[in-house]
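Dumped work-v3.cif below, it's mmCIF, C-alpha atoms:
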```
data_upload
loop_
_atom_site.label_atom_id
_atom_site.label_comp_id
_atom_site.auth_asym_id
_atom_site.auth_seq_id
_atom_site.Cartn_x
_atom_site.Cartn_y
_atom_site.Cartn_z
CA MET A 1 -11.42 -29.14 -13.00
CA GLU A 2 -7.76 -28.49 -13.88
CA ALA A 3 -8.69 -26.75 -17.14
CA LEU A 4 -11.07 -24.41 -15.33
CA ASN A 5 -8.31 -23.29 -12.98
CA LEU A 6 -5.98 -22.59 -15.90
CA ASP A 7 -8.76 -20.63 -17.61
CA MET A 8 -9.20 -18.50 -14.50
CA ILE A 9 -5.47 -17.86 -14.27
CA GLY A 10 -5.39 -16.86 -17.94
CA ALA A 11 -8.37 -14.54 -17.52
CA GLY A 12 -6.75 -13.00 -14.46
CA LEU A 13 -3.54 -12.35 -16.38
CA ILE A 14 -5.49 -10.72 -19.19
CA ILE A 15 -7.31 -8.46 -16.73
CA ILE A 16 -4.05 -7.52 -14.98
CA GLY A 17 -2.51 -6.73 -18.37
CA ALA A 18 -5.52 -4.61 -19.28
CA GLY A 19 -5.13 -2.70 -16.02
CA PHE A 20 -1.48 -1.98 -16.75
CA GLY A 21 -2.41 -0.99 -20.30
CA LEU A 22 -5.08 1.44 -19.12
CA GLY A 23 -2.58 2.99 -16.73
CA LYS A 24 -0.03 3.36 -19.51
CA ILE A 25 -2.61 4.90 -21.85
CA GLY A 26 -3.70 7.36 -19.17
CA SER A 27 -0.18 8.42 -18.28
CA ALA A 28 0.85 8.81 -21.92
CA ALA A 29 -2.27 10.87 -22.64
CA MET A 30 -1.62 13.16 -19.67
CA GLU A 31 1.98 13.59 -20.78
CA GLY A 32 0.90 14.37 -24.32
CA ILE A 33 -1.69 16.90 -23.15
CA ALA A 34 0.90 18.54 -20.89
CA ARG A 35 3.26 18.90 -23.84
CA GLN A 36 0.64 20.06 -26.35
CA PRO A 37 -2.43 21.49 -24.61
CA GLU A 38 -3.96 22.53 -27.93
CA ALA A 39 -4.22 18.87 -28.97
CA ALA A 40 -6.04 17.83 -25.79
CA GLY A 41 -9.32 17.05 -27.56
CA LYS A 42 -7.75 14.74 -30.13
CA ILE A 43 -5.59 13.00 -27.54
CA GLN A 44 -8.53 12.50 -25.19
CA THR A 45 -10.72 11.10 -27.98
CA ALA A 46 -8.05 8.61 -29.04
CA MET A 47 -7.43 7.64 -25.41
CA ILE A 48 -11.11 6.95 -24.77
CA ILE A 49 -11.45 4.83 -27.91
CA ILE A 50 -8.37 2.75 -27.08
CA ALA A 51 -9.41 2.38 -23.44
CA ALA A 52 -12.87 1.18 -24.47
CA LEU A 53 -11.40 -1.45 -26.78
CA LEU A 54 -9.01 -2.59 -24.06
CA GLU A 55 -11.81 -2.84 -21.51
CA GLY A 56 -13.79 -4.87 -24.03
CA VAL A 57 -10.97 -7.41 -24.15
CA ALA A 58 -10.90 -7.57 -20.35
CA PHE A 59 -14.66 -8.10 -20.15
CA ALA A 60 -14.49 -10.76 -22.84
CA ALA A 61 -11.85 -12.59 -20.77
CA LEU A 62 -14.12 -12.44 -17.73
CA PHE A 63 -17.13 -13.79 -19.56
CA ALA A 64 -15.15 -16.49 -21.38
CA VAL A 65 -14.44 -18.24 -18.08
#
```

Starting from the coordinates I provided, produce the structure as structure tokens.
Amino acid sequence: MEALNLDMIGAGLIIIGAGFGLGKIGSAAMEGIARQPEAAGKIQTAMIIIAALLEGVAFAALFAV
């Protein structure tokens, strides 16, 4: 029972970290697009790929518990 609680805490921390990471990715992408509007397509593509990988880690943490 104790190990299950620690697993849930660990999964929660991973999900919280993923949330912060997604926020950081979004803010950095918006800042980059504001500075170089002509590179918006490349920045957006890279942001979506990184965000998808990060969400995959969060989902894996959820399903591992």

One residue among A:Leu22, A:Ile15, A:Ala29, A:Ile43 is nearest to A:Phe59 when using all atoms listed in the file, and that residue is A:Ile15

How big is the axis-aligned box around the listed atoms of stretch 4-21 of chain A once 6 Å is added on each side, and where is its centre? Give both in Å to one decimal, as JSON.
```
{"center_x": -6.3, "center_y": -12.7, "center_z": -16.6, "size_x": 21.6, "size_y": 35.4, "size_z": 19.3}
```

Of A:Ile14, A:Pro37, A:Met30, A:Lys42, the one nearest to A:Val57 when counting all atoms listed in the file is A:Ile14

>> Counting all atoms listed in the file, which residues sit no farther than 12 Å from the position (-1.0, 9.7, -32.6) in the file's frame? I'd like them as a list in words.
In response: Ile25, Ala28, Ala29, Gly32, Ile33, Ala39, Ala40, Lys42, Ile43, Gln44, Thr45, Ala46, Met47 and Ile50 of chain A

(Q) Which residues would end up in the selection if the PyMOL selection byres ((chain A and resi 16) around 12) were applied here, given that I need the answer as a ChimeraX atom specification? (A) /A:9-15,17-23,54-55,57-59,61-62

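Atom CA of A:Ser27 to atom CA of A:Ala64 spans 29.2 Å [interatomic distance, one decimal].
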
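Picture a line from atom CA of A:Ile48 to atom CA of A:Met8; it runs 27.5 Å.
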
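In this structure, atom CA of A:Ala60 sits 17.1 Å away from atom CA of A:Asn5.
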